[in-house]
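Colleague: One structure is given below, represented as structure tokens, and several questions about it will come after.
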4 protein chains.
Amino acid sequence: MTTVTVWNEYRHEQESEVVADVYPDGIHAVITDALESRGFETQTATLDEPEHGLTNDVLDDTDVLTWWGHAAHDEVEDEIVERVHQRVLDGMGLIVLHSGHYSKIFKTLMGTTCSLKWREAAETERLWVVEPSHPIADGIDEYIEVPEAEMYGERFDIPAPETLVFNSWFEGGEVFRSGCCYTRGNGRVFYFRPGHETYPVYHQDDIQQVLANAVEWAAPGDESTPEFGNADPIEAIDMTDERSVH
Amino acid sequence: MTTVTVWNEYRHEQESEVVADVYPDGIHAVITDALESRGFETQTATLDEPEHGLTNDVLDDTDVLTWWGHAAHDEVEDEIVERVHQRVLDGMGLIVLHSGHYSKIFKTLMGTTCSLKWREAAETERLWVVEPSHPIADGIDEYIEVPEAEMYGERFDIPAPETLVFNSWFEGGEVFRSGCCYTRGNGRVFYFRPGHETYPVYHQDDIQQVLANAVEWAAPGDESTPEFGNADPIEAIDMTDERSVH
Amino acid sequence: MTTVTVWNEYRHEQESEVVADVYPDGIHAVITDALESRGFETQTATLDEPEHGLTNDVLDDTDVLTWWGHAAHDEVEDEIVERVHQRVLDGMGLIVLHSGHYSKIFKTLMGTTCSLKWREAAETERLWVVEPSHPIADGIDEYIEVPEAEMYGERFDIPAPETLVFNSWFEGGEVFRSGCCYTRGNGRVFYFRPGHETYPVYHQDDIQQVLANAVEWAAPGDESTPEFGNADPIEAIDMTDERSVH
Amino acid sequence: MTTVTVWNEYRHEQESEVVADVYPDGIHAVITDALESRGFETQTATLDEPEHGLTNDVLDDTDVLTWWGHAAHDEVEDEIVERVHQRVLDGMGLIVLHSGHYSKIFKTLMGTTCSLKWREAAETERLWVVEPSHPIADGIDEYIEVPEAEMYGERFDIPAPETLVFNSWFEGGEVFRSGCCYTRGNGRVFYFRPGHETYPVYHQDDIQQVLANAVEWAAPGDESTPEFGNADPIEAIDMTDERSVH
């Protein structure tokens with residue numbers, strides 16, 4: 001059984017009435033419900049808990065971590081970022097959501113600025129499926145329509161995704177690579193664009209379905225851990241060279 | 001005219017007679033000669049210079065930076081790493097050589113450990129060209145043979161290269177993805193495996209040809225710089241939504 | 001439950017005592033046993049059956065097709081090739097084995113010659129896992145060793161695989177991209193190099209495990225079928241242009 | 001000096017006044033002028049010439065071929081398609097334009113149906129640059145706007161491009177991967193979406209600049225030709241195995 005830890009910055013919901021109206025118990029509560037109703041075990045973790053809720057014990061029990069952050073990326077401790085980074089490289093799945101594009105963990109994994117264009121105008125977004133056979137698109141129609149979305153526009157400064165699953169159209173005239181798959185170390189990473197604190201995006205059934213598909217896709221398998229470092233030859237070769245300066 | 005800055009840790013050559021025999025004026029001197037004879041302007045920079053020789057003035061005058069480091073990766077200041085990182089994202093080409101796989105700048109750009117297997121036994125390496133039409137393979141035969149090589153073996157913990165140009169065979173039984181192309185931001189990055197302080201690898205003509213090809217490939221073009229941040233709509237849309245919590 | 005159709009040319013086994021010693025009931029029998037013991041339903045089809053055993057009824061009941069051919073690629077009817085091609089585009093998985101690199105169906109899907117170097121010397125092959133987290137490598141150690149292999153060497157004239165899972169080392173000095181993933185239409189395609197009529201490769205447990213993993217990976221999901229052709233606008237736009245020359 | 005052969009179906013322009021108004025001397029004439037003024041040598045070839053103008057002599061003198069076809073794809077002889085296919089695999093560049101997505105040569109190189117959605121409503125298209133550092137985007141702003149375009153919409157049934165350079169937005173609500181790079185054999189292939197017989201798209205300066213950039217990118221280099229077939233070992237290995245059934 002796959003266990004998902006749903007991480008949320010969880011500030012907007014407590015500070016803004018507008019946001020609390022949409023996500024009264026936090027964005028993490030809606031995501032958690034969506035995943036549990038689709039058969040996953042979940043736990044939550046938030047910024048203001050000790051170690052941001054991401055203790056080694058919690059991570060030991062995490063197959064896939066979802067990440068929603070926005071205004072307080074800088075408050076995430078570097079030590080915790082490095083801890084999560086190491087877990088991803090060891091095989092933990094990571095789903096980065098919406099404004100999480102600017103999180104320390106995503107930028108660390110990508111190696112780029114992860115910058116983009118944005119606009120808050122409650123405009124229409126349409127996420128077209130460009131790889132219909134990808135498991136993350138299972139059960140999704142030709143497109144997902146988000147009636148009120150924050151616009152994110154290209155250029156999105158990321159490494160080209162290994163697989164591009166969704167490609168977004170925005171009413172105001174922009175496009176965006178909105179569903180991006182990566183492998184980093186033994187871990188699978190999925191960036192999924194939709195979701196905003198003032199719009200009810202995570203309440204949509206098709207968006208929830210993608211979250212569930214992505215968790216399924218990102219969950220670790222039975223992979224062996226590669227061995228690194230000094231290695232004896234497998235074939236019989238001359239080992240008498242003594243020029244090493246190590 | 002493309003200007004290349006050839007960076008070298010430049011310690012082994014001054015501390016070890018074995019290395020000095022192979023590279024009396026430093027690895028950077030041999031690489032610089034190779035590139036100049038193939039039509040590039042060059043300058044050098046080394047670890048023990050102020051700012052590791054990578055001042056803003058030097059980088060202003062750099063189209064492509066080559067990087068050779070080995071035993072002192074940790075001594076490269078984080079501030080300089082971040083400076084080089086930003087330059088790559090802005091379009092500067094970067095050629096990472098051999099043990100530079102473990103440099104801070106390469107790990108930062110990759111987002112992974114960049115770990116691998118290694119062995120110093122002066123064994124045969126054969127770099128097979130797997131993409132013969134790639135410009136980095138221009139003028140190269142089916143393979144390059146390195147008579148005395150340090151072995152690097154898979155699993156090489158990198159993101160899958162956007163293009164794999166060379167694939168190495170080692171006498172002791174291993175393989176390695178030894179010529180790997182990436183794009184990060186506006187910059188092109190090439191990792192090239194061969195080269196070791198105790199073996200005369202950079203004196204080989206075909207290895208030098210690949211270095212020149214890689215510089216040519218990584219040099220910035222006439223690209224425009226993308227604009228990031230808040231963006232007005234291009235199409236006429238309703239801009240009256242006032243739910244923002246920014 | 002995933003149903004696999006195991007296709008075999010099935011000529012060598014009936015014509016050569018050397019081959020019959022290794023595969024008395026045909027290569028397909030060994031593959032079928034391997035897949036059934038790992039929980040798949042199987043059926044077989046061979047070249048000399050009517051429609052090469054690949055009737056529409058058989059394909060209606062096929063989630064994944066495995067393909068082994070060698071000396072009689074030209075005898076496979078173009079009509080059947082086109083039928084299989086269409087099924088792959090519609091979502092059927094396809095596992096192409098060893099000398100199947102030269103089959104009509106693989107060349108049609110790749111668009112290239114699929115040529116390579118080869119040599120029959122019963123030499124050692126070592127398939128290194130380069131993407132340990134890929135589901136096709138589940139349960140596999142750092143490498144698979146094939147004690148007696150036909151050599152296939154680069155340049156392998158294929159489009160660069162979407163994911164390279166295995167990378168082979170050969171005793172005679174060559175390397176080969178030996179586990180290659182592709183998407184074509186809605187279908188997933190995996191090329192797996194090992195396997196030869198005179199060597200007992202498909203009797204190896206780890207090779208069988210990869211076959212089972214690949215079937216699992218290639219099996220179709222719940223994807224929707226995209227709609228093609230003339231499309232009404234989703235947004236309200238001016239539709240009065242009358243310049244069409246259709 | 002790079003020589004480009006500009007191929008055109010050249011029927012609409014002779015049969016339709018609407019088209020002749022936009023392209024009085026044929027689409028190929030406008031493309032030829034655009035490339036010559038940017039420093040390339042050009043020649044033209046059209047469907048109704050003997051061998052469709054693509055004789056071996058013409059192809060011997062072609063570094064890059066551009067292809068525009070629409071209503072008469074089926075009239076292109078299979079023999080000529082196979083001839084062009086072989087030339088691409090041997091290193092000739094190929095730029096496939098607009099409705100050429102359904103040409104025999106493009107479908108052969110892709111291995112898929114290359115189907116898509118379409119609509120003729122003279123609507124706005126905006127081609128966003130998603131890889132600003134790619135040479136095909138040299139000198140191009142953040143996007144190219146085509147005021148009157150035929151819509152092409154996803155799902156575009158192609159193998160995922162090796163590099164996606166442009167991503168299109170359409171007024172009617174769709175998106176499209178509109179600048180797609182591939183390698184096939186030794187040849188580079190670029191699919192570029194814009195261009196329609198009834199709209200003056202190829203008269204736009206920025207569109208012409210992309211055509212020139214693409215020609216530059218697709219032109220063959222100094223690559224060696226790989227050798228295929230039976231190969232002697234490079235290392236000394238036992239060659240006494242006699243079990244071959246060849």
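In the structure tokens, the first chain shown is A, the next is B, and so on; residue numbers restart at 1 for each chain, and ligands run from 1 in the order shown.
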DSSP on the backbone, strand (DSSP E or B) only: what residues of region 26-147 of chain B does that give? Format it as a VMD selection string.
Modeller: chain B and resid 41 to 46 64 to 68 93 to 97 117 to 129 143 to 147
Colleague: Dump N, CA, C and O atoms for the selected residues as a short mmCIF file (atom, residue, chain, number, x, y, z; two decimals), in the first residue's frame?
Modeller:
data_model
loop_
_atom_site.label_atom_id
_atom_site.label_comp_id
_atom_site.auth_asym_id
_atom_site.auth_seq_id
_atom_site.Cartn_x
_atom_site.Cartn_y
_atom_site.Cartn_z
N GLU B 41 39.90 31.55 -29.14
CA GLU B 41 40.65 32.36 -28.19
C GLU B 41 40.50 31.73 -26.81
O GLU B 41 39.43 31.26 -26.46
N THR B 42 41.56 31.76 -26.04
CA THR B 42 41.48 31.12 -24.72
C THR B 42 42.09 32.00 -23.64
O THR B 42 42.92 32.88 -23.91
N GLN B 43 41.67 31.74 -22.44
CA GLN B 43 42.34 32.26 -21.25
C GLN B 43 42.24 31.15 -20.20
O GLN B 43 41.44 30.22 -20.35
N THR B 44 43.03 31.24 -19.16
CA THR B 44 42.99 30.19 -18.15
C THR B 44 42.62 30.79 -16.79
O THR B 44 42.75 31.99 -16.56
N ALA B 45 42.16 29.92 -15.92
CA ALA B 45 41.83 30.31 -14.56
C ALA B 45 42.05 29.08 -13.69
O ALA B 45 41.77 27.96 -14.12
N THR B 46 42.57 29.30 -12.49
CA THR B 46 42.88 28.16 -11.63
C THR B 46 42.43 28.42 -10.19
O THR B 46 42.22 29.57 -9.79
N VAL B 64 32.52 30.08 -23.40
CA VAL B 64 32.46 28.70 -22.93
C VAL B 64 33.52 28.50 -21.86
O VAL B 64 34.66 28.95 -22.03
N LEU B 65 33.14 27.83 -20.78
CA LEU B 65 34.07 27.53 -19.68
C LEU B 65 34.28 26.02 -19.66
O LEU B 65 33.31 25.26 -19.70
N THR B 66 35.55 25.60 -19.60
CA THR B 66 35.82 24.17 -19.39
C THR B 66 36.28 23.98 -17.95
O THR B 66 36.97 24.85 -17.39
N TRP B 67 35.94 22.86 -17.35
CA TRP B 67 36.15 22.67 -15.92
C TRP B 67 36.83 21.33 -15.63
O TRP B 67 36.27 20.28 -15.90
N TRP B 68 38.04 21.41 -15.07
CA TRP B 68 38.73 20.21 -14.60
C TRP B 68 39.06 20.37 -13.12
O TRP B 68 39.83 21.26 -12.72
N GLY B 93 28.36 28.55 -22.23
CA GLY B 93 28.55 27.10 -22.35
C GLY B 93 29.45 26.58 -21.26
O GLY B 93 30.31 27.30 -20.75
N LEU B 94 29.26 25.31 -20.88
CA LEU B 94 30.10 24.69 -19.85
C LEU B 94 30.46 23.27 -20.28
O LEU B 94 29.58 22.47 -20.60
N ILE B 95 31.78 23.00 -20.29
CA ILE B 95 32.27 21.65 -20.60
C ILE B 95 32.88 21.09 -19.32
O ILE B 95 33.90 21.60 -18.85
N VAL B 96 32.27 20.07 -18.77
CA VAL B 96 32.75 19.47 -17.53
C VAL B 96 33.55 18.22 -17.88
O VAL B 96 33.06 17.34 -18.60
N LEU B 97 34.77 18.16 -17.35
CA LEU B 97 35.70 17.12 -17.76
C LEU B 97 35.96 16.11 -16.65
O LEU B 97 36.22 16.50 -15.51
N LYS B 117 31.14 4.52 -10.38
CA LYS B 117 32.22 3.59 -10.01
C LYS B 117 33.52 4.07 -10.64
O LYS B 117 33.50 4.64 -11.72
N TRP B 118 34.64 3.77 -9.99
CA TRP B 118 35.92 4.16 -10.59
C TRP B 118 37.02 3.16 -10.21
O TRP B 118 36.90 2.42 -9.23
N ARG B 119 38.06 3.17 -11.00
CA ARG B 119 39.21 2.27 -10.76
C ARG B 119 40.39 2.83 -11.57
O ARG B 119 40.23 3.19 -12.74
N GLU B 120 41.54 2.88 -10.95
CA GLU B 120 42.74 3.34 -11.65
C GLU B 120 43.62 2.15 -11.98
O GLU B 120 44.37 1.66 -11.13
N ALA B 121 43.55 1.68 -13.20
CA ALA B 121 44.35 0.52 -13.58
C ALA B 121 44.95 0.71 -14.98
O ALA B 121 45.36 -0.25 -15.61
N ALA B 122 44.96 1.94 -15.46
CA ALA B 122 45.55 2.21 -16.78
C ALA B 122 45.00 1.25 -17.83
O ALA B 122 45.73 0.75 -18.68
N GLU B 123 43.69 1.01 -17.76
CA GLU B 123 43.09 0.03 -18.68
C GLU B 123 42.59 0.71 -19.96
O GLU B 123 42.51 1.92 -20.04
N THR B 124 42.28 -0.10 -20.93
CA THR B 124 41.78 0.42 -22.20
C THR B 124 40.35 0.93 -22.06
O THR B 124 39.50 0.26 -21.47
N GLU B 125 40.08 2.12 -22.63
CA GLU B 125 38.72 2.63 -22.79
C GLU B 125 38.47 2.82 -24.28
O GLU B 125 39.37 3.23 -25.02
N ARG B 126 37.26 2.51 -24.67
CA ARG B 126 36.88 2.74 -26.07
C ARG B 126 35.57 3.51 -26.05
O ARG B 126 34.54 3.00 -25.59
N LEU B 127 35.60 4.76 -26.52
CA LEU B 127 34.39 5.60 -26.55
C LEU B 127 33.70 5.43 -27.90
O LEU B 127 34.14 5.98 -28.91
N TRP B 128 32.59 4.69 -27.91
CA TRP B 128 31.84 4.48 -29.15
C TRP B 128 30.92 5.68 -29.41
O TRP B 128 30.24 6.16 -28.50
N VAL B 129 30.89 6.11 -30.65
CA VAL B 129 29.97 7.17 -31.06
C VAL B 129 28.59 6.56 -31.25
O VAL B 129 28.41 5.69 -32.11
N TYR B 143 34.95 5.06 -33.13
CA TYR B 143 35.25 5.13 -31.70
C TYR B 143 36.59 5.81 -31.48
O TYR B 143 37.41 5.92 -32.40
N ILE B 144 36.77 6.28 -30.27
CA ILE B 144 38.04 6.82 -29.80
C ILE B 144 38.61 5.79 -28.83
O ILE B 144 37.90 5.33 -27.94
N GLU B 145 39.86 5.43 -29.01
CA GLU B 145 40.47 4.50 -28.06
C GLU B 145 41.44 5.25 -27.16
O GLU B 145 42.29 6.00 -27.62
N VAL B 146 41.27 5.04 -25.86
CA VAL B 146 42.18 5.62 -24.87
C VAL B 146 42.95 4.44 -24.28
O VAL B 146 42.38 3.61 -23.59
N PRO B 147 44.26 4.35 -24.58
CA PRO B 147 45.00 3.13 -24.19
C PRO B 147 45.13 2.97 -22.68
O PRO B 147 45.10 1.86 -22.17
#
Colleague: Residues within 12 Å of Leu109 (chain A), please, as a VMD selection string. Count only C-alpha atoms; anything in the same chain fewer than 2 positions from it doesn't count.
Modeller: (chain A and resid 81 to 82 84 to 89 94 96 101 to 107 111 to 114 158 to 159 182 to 185 187 to 191) or (chain B and resid 107 to 113 158 to 159)
Colleague: Go ahead and dump the residues you just picked, C-alpha atoms, as a compact mmCIF listing (two decimals), in the first residue's frame.
Modeller:
# COMPACT_ATOMS: atom_id res chain seq x y z
CA VAL A 81 15.46 20.48 1.91
CA GLU A 82 18.63 18.43 1.77
CA VAL A 84 14.03 15.54 1.25
CA HIS A 85 16.47 15.79 -1.66
CA GLN A 86 18.35 12.74 -0.42
CA ARG A 87 15.09 10.81 0.00
CA VAL A 88 14.09 11.57 -3.58
CA LEU A 89 17.47 10.38 -4.85
CA LEU A 94 7.82 13.75 -5.32
CA VAL A 96 5.45 19.37 -6.92
CA HIS A 101 7.81 25.47 -8.88
CA TYR A 102 9.75 28.03 -6.83
CA SER A 103 10.35 25.79 -3.82
CA LYS A 104 13.92 25.09 -2.78
CA ILE A 105 13.46 21.36 -3.32
CA PHE A 106 12.24 21.74 -6.90
CA LYS A 107 14.96 24.23 -7.85
CA GLY A 111 19.32 22.97 -11.37
CA THR A 112 17.60 25.97 -12.96
CA THR A 113 15.69 29.06 -11.78
CA CYS A 114 12.26 27.50 -12.48
CA ILE A 158 13.22 24.04 -16.42
CA PRO A 159 15.24 21.28 -18.03
CA TYR A 182 11.58 13.67 -14.36
CA THR A 183 13.85 11.02 -12.88
CA ARG A 184 16.43 12.14 -10.33
CA GLY A 185 18.56 9.42 -8.80
CA GLY A 187 13.26 8.97 -7.57
CA ARG A 188 10.48 10.03 -9.88
CA VAL A 189 9.41 13.68 -9.87
CA PHE A 190 6.21 15.13 -11.37
CA TYR A 191 5.49 18.81 -11.65
CA LYS B 107 26.14 18.63 -9.14
CA THR B 108 24.23 21.93 -8.83
CA LEU B 109 23.26 21.82 -12.51
CA MET B 110 22.28 18.15 -12.43
CA GLY B 111 20.41 17.99 -9.11
CA THR B 112 21.80 14.52 -8.40
CA THR B 113 24.84 13.02 -6.65
CA ILE B 158 22.87 11.81 -13.53
CA PRO B 159 19.59 12.83 -15.14
Colleague: Please return, as a ChimeraX atom specification, all residues of chain C lying within 12 Å of chain B when only C-alpha atoms are considered.
Modeller: /C:116-117,124-134,141-145,153-177
Colleague: DSSP on the backbone: which residues in region 58-192 of chain B end up as helix (DSSP H, G or I)? Give the answer as a PyMOL selection string.
Modeller: chain B and resi 58-60+73-75+78-90+98-102+104-110+135-137
Colleague: Any chance you can output those residues with N, CA, C and O atoms as a CSV table (one decimal), in the first residue's frame?
Modeller:
chain,number,residue,atom,x,y,z
B,58,VAL,N,36.4,38.3,-16.0
B,58,VAL,CA,36.8,37.1,-16.8
B,58,VAL,C,35.6,36.5,-17.4
B,58,VAL,O,35.5,36.1,-18.6
B,59,LEU,N,34.5,36.3,-16.6
B,59,LEU,CA,33.3,35.7,-17.1
B,59,LEU,C,32.6,36.5,-18.1
B,59,LEU,O,32.0,36.0,-19.1
B,60,ASP,N,32.7,37.8,-18.0
B,60,ASP,CA,32.1,38.7,-19.1
B,60,ASP,C,32.7,38.4,-20.4
B,60,ASP,O,32.1,38.6,-21.5
B,73,HIS,N,37.4,19.8,-4.8
B,73,HIS,CA,36.1,20.4,-5.2
B,73,HIS,C,35.6,21.2,-4.0
B,73,HIS,O,34.9,22.3,-4.2
B,74,ASP,N,35.8,20.8,-2.8
B,74,ASP,CA,35.2,21.5,-1.6
B,74,ASP,C,35.9,22.9,-1.4
B,74,ASP,O,35.3,23.7,-0.7
B,75,GLU,N,37.0,23.1,-2.0
B,75,GLU,CA,37.7,24.4,-1.8
B,75,GLU,C,37.1,25.5,-2.7
B,75,GLU,O,37.5,26.6,-2.6
B,78,ASP,N,31.4,28.7,-2.5
B,78,ASP,CA,30.0,28.6,-3.0
B,78,ASP,C,29.6,29.8,-3.8
B,78,ASP,O,28.8,29.7,-4.7
B,79,GLU,N,30.2,31.0,-3.4
B,79,GLU,CA,29.8,32.2,-4.1
B,79,GLU,C,30.2,32.2,-5.6
B,79,GLU,O,29.5,32.6,-6.5
B,80,ILE,N,31.4,31.6,-5.8
B,80,ILE,CA,31.9,31.5,-7.2
B,80,ILE,C,31.1,30.4,-7.9
B,80,ILE,O,30.7,30.6,-9.1
B,81,VAL,N,30.7,29.4,-7.3
B,81,VAL,CA,29.9,28.3,-7.9
B,81,VAL,C,28.6,29.0,-8.3
B,81,VAL,O,28.1,28.8,-9.5
B,82,GLU,N,28.0,29.8,-7.4
B,82,GLU,CA,26.7,30.4,-7.8
B,82,GLU,C,26.9,31.4,-8.9
B,82,GLU,O,26.0,31.5,-9.8
B,83,ARG,N,28.0,32.0,-9.0
B,83,ARG,CA,28.3,33.0,-10.0
B,83,ARG,C,28.4,32.3,-11.4
B,83,ARG,O,27.8,32.7,-12.4
B,84,VAL,N,29.1,31.2,-11.4
B,84,VAL,CA,29.2,30.4,-12.6
B,84,VAL,C,27.9,29.8,-13.0
B,84,VAL,O,27.5,29.8,-14.2
B,85,HIS,N,27.1,29.3,-12.0
B,85,HIS,CA,25.8,28.7,-12.3
B,85,HIS,C,24.9,29.8,-13.0
B,85,HIS,O,24.3,29.5,-14.0
B,86,GLN,N,24.9,31.0,-12.5
B,86,GLN,CA,24.1,32.0,-13.1
B,86,GLN,C,24.5,32.3,-14.5
B,86,GLN,O,23.7,32.5,-15.4
B,87,ARG,N,25.8,32.3,-14.7
B,87,ARG,CA,26.3,32.5,-16.1
B,87,ARG,C,25.9,31.5,-17.1
B,87,ARG,O,25.5,31.7,-18.2
B,88,VAL,N,25.9,30.2,-16.6
B,88,VAL,CA,25.4,29.1,-17.4
B,88,VAL,C,24.0,29.3,-17.8
B,88,VAL,O,23.5,29.3,-19.0
B,89,LEU,N,23.2,29.6,-16.8
B,89,LEU,CA,21.7,29.9,-17.0
B,89,LEU,C,21.5,31.0,-18.0
B,89,LEU,O,20.5,31.0,-18.7
B,90,ASP,N,22.4,32.0,-18.0
B,90,ASP,CA,22.3,33.1,-18.9
B,90,ASP,C,22.8,32.8,-20.3
B,90,ASP,O,22.7,33.7,-21.2
B,98,HIS,N,35.9,14.8,-17.0
B,98,HIS,CA,36.4,13.7,-16.2
B,98,HIS,C,35.9,13.9,-14.7
B,98,HIS,O,34.7,13.9,-14.4
B,99,SER,N,36.9,14.0,-13.8
B,99,SER,CA,36.6,14.0,-12.4
B,99,SER,C,35.8,15.3,-12.0
B,99,SER,O,35.3,15.4,-10.8
B,100,GLY,N,35.6,16.2,-12.9
B,100,GLY,CA,34.7,17.3,-12.7
B,100,GLY,C,33.2,16.9,-12.5
B,100,GLY,O,32.4,17.7,-12.1
B,101,HIS,N,33.0,15.6,-12.7
B,101,HIS,CA,31.6,15.1,-12.4
B,101,HIS,C,31.2,15.3,-11.0
B,101,HIS,O,30.0,15.4,-10.7
B,102,TYR,N,32.2,15.4,-10.1
B,102,TYR,CA,31.9,15.6,-8.7
B,102,TYR,C,32.1,17.1,-8.3
B,102,TYR,O,32.0,17.4,-7.1
B,104,LYS,N,31.1,21.0,-7.6
B,104,LYS,CA,29.9,21.6,-7.1
B,104,LYS,C,29.0,22.1,-8.2
B,104,LYS,O,27.8,22.0,-8.2
B,105,ILE,N,29.7,22.7,-9.2
B,105,ILE,CA,28.9,23.3,-10.3
B,105,ILE,C,28.1,22.2,-11.1
B,105,ILE,O,27.0,22.4,-11.4
B,106,PHE,N,28.8,21.1,-11.3
B,106,PHE,CA,28.1,20.0,-12.1
B,106,PHE,C,26.9,19.4,-11.3
B,106,PHE,O,25.8,19.3,-11.8
B,107,LYS,N,27.2,19.2,-10.0
B,107,LYS,CA,26.1,18.6,-9.1
B,107,LYS,C,25.0,19.6,-9.0
B,107,LYS,O,23.8,19.2,-9.0
B,108,THR,N,25.3,20.9,-8.9
B,108,THR,CA,24.2,21.9,-8.8
B,108,THR,C,23.4,21.9,-10.1
B,108,THR,O,22.1,22.0,-10.0
B,109,LEU,N,24.0,21.8,-11.2
B,109,LEU,CA,23.3,21.8,-12.5
B,109,LEU,C,22.5,20.5,-12.7
B,109,LEU,O,21.4,20.6,-13.4
B,110,MET,N,22.9,19.4,-12.2
B,110,MET,CA,22.3,18.1,-12.4
B,110,MET,C,21.2,17.9,-11.4
B,110,MET,O,20.2,17.2,-11.7
B,135,PRO,N,27.0,17.3,-33.8
B,135,PRO,CA,28.2,18.1,-34.1
B,135,PRO,C,29.4,17.8,-33.2
B,135,PRO,O,30.5,18.0,-33.6
B,136,ILE,N,29.2,17.3,-32.0
B,136,ILE,CA,30.3,17.0,-31.1
B,136,ILE,C,31.1,15.8,-31.6
B,136,ILE,O,32.2,15.6,-31.2
B,137,ALA,N,30.5,15.0,-32.5
B,137,ALA,CA,31.2,13.8,-33.1
B,137,ALA,C,31.8,14.1,-34.4
B,137,ALA,O,32.4,13.2,-35.1
Colleague: Just the number, please: distance in Å from CA of Val245 (chain B) to CA of Glu235 (chain C), one decimal.
Modeller: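 Going from CA of Val245 (chain B) over to CA of Glu235 (chain C) covers 29.1 Å.
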Colleague: Could you tell me how far CA of Ile207 (chain A) sits from CA of Asp238 (chain B), in Å to one decimal place?
Modeller: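 Separating CA of Asp238 (chain B) from CA of Ile207 (chain A) is a distance of 24.3 Å.
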Colleague: Using only C-alpha atoms, which of the listed residues (A:Asn230, A:Val76, A:Thr32, A:Tyr152) sits closest to Pro50 (chain A)?
Modeller: A:Val76
Colleague: Within 8 Å of Thr198 (chain C), counting only C-alpha atoms, which residues show up once you throw out same-chain ones fewer than 2 positions away? Write them as a PyMOL selection string, please.
Modeller: (chain C and resi 18-19+22+196+200) or (chain D and resi 243-245)
Colleague: Generate a file of the selected residues that holds C-alpha atoms, formatted as a CSV table (one decimal), in the first residue's frame.
Modeller:
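Okay, selection14.csv is ready:
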chain,number,residue,atom,x,y,z
C,18,VAL,CA,21.8,-27.3,-32.6
C,19,VAL,CA,18.9,-24.9,-32.0
C,22,VAL,CA,18.5,-25.4,-26.7
C,196,HIS,CA,19.9,-16.0,-29.7
C,200,PRO,CA,20.3,-20.6,-23.8
D,243,ARG,CA,27.0,-23.2,-33.5
D,244,SER,CA,25.9,-20.6,-36.0
D,245,VAL,CA,22.8,-21.5,-38.1
Colleague: Do a neighbour search on Asp205 (chain D) at 12 Å with only C-alpha atoms, toss out local chain neighbours closer than 4 positions, and write the hits as a PyMOL selection string.
Modeller: chain D and resi 30-31+33-35+37-38+139-141+144-146+200-201+209-212
Colleague: Of the candidates B:Tyr23, B:Gly91, B:Gly53, B:Thr3, which one gets nearest to Pro226 (chain B) if we count only C-alpha atoms?
Modeller: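 Among the listed residues, B:Gly91 lies closest to Pro226 (chain B).
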Colleague: Can you work out the spacing between CA of Thr62 (chain C) and CA of Gln14 (chain C) in Å, to one decimal?
Modeller: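 So the answer is 26.0 Å.
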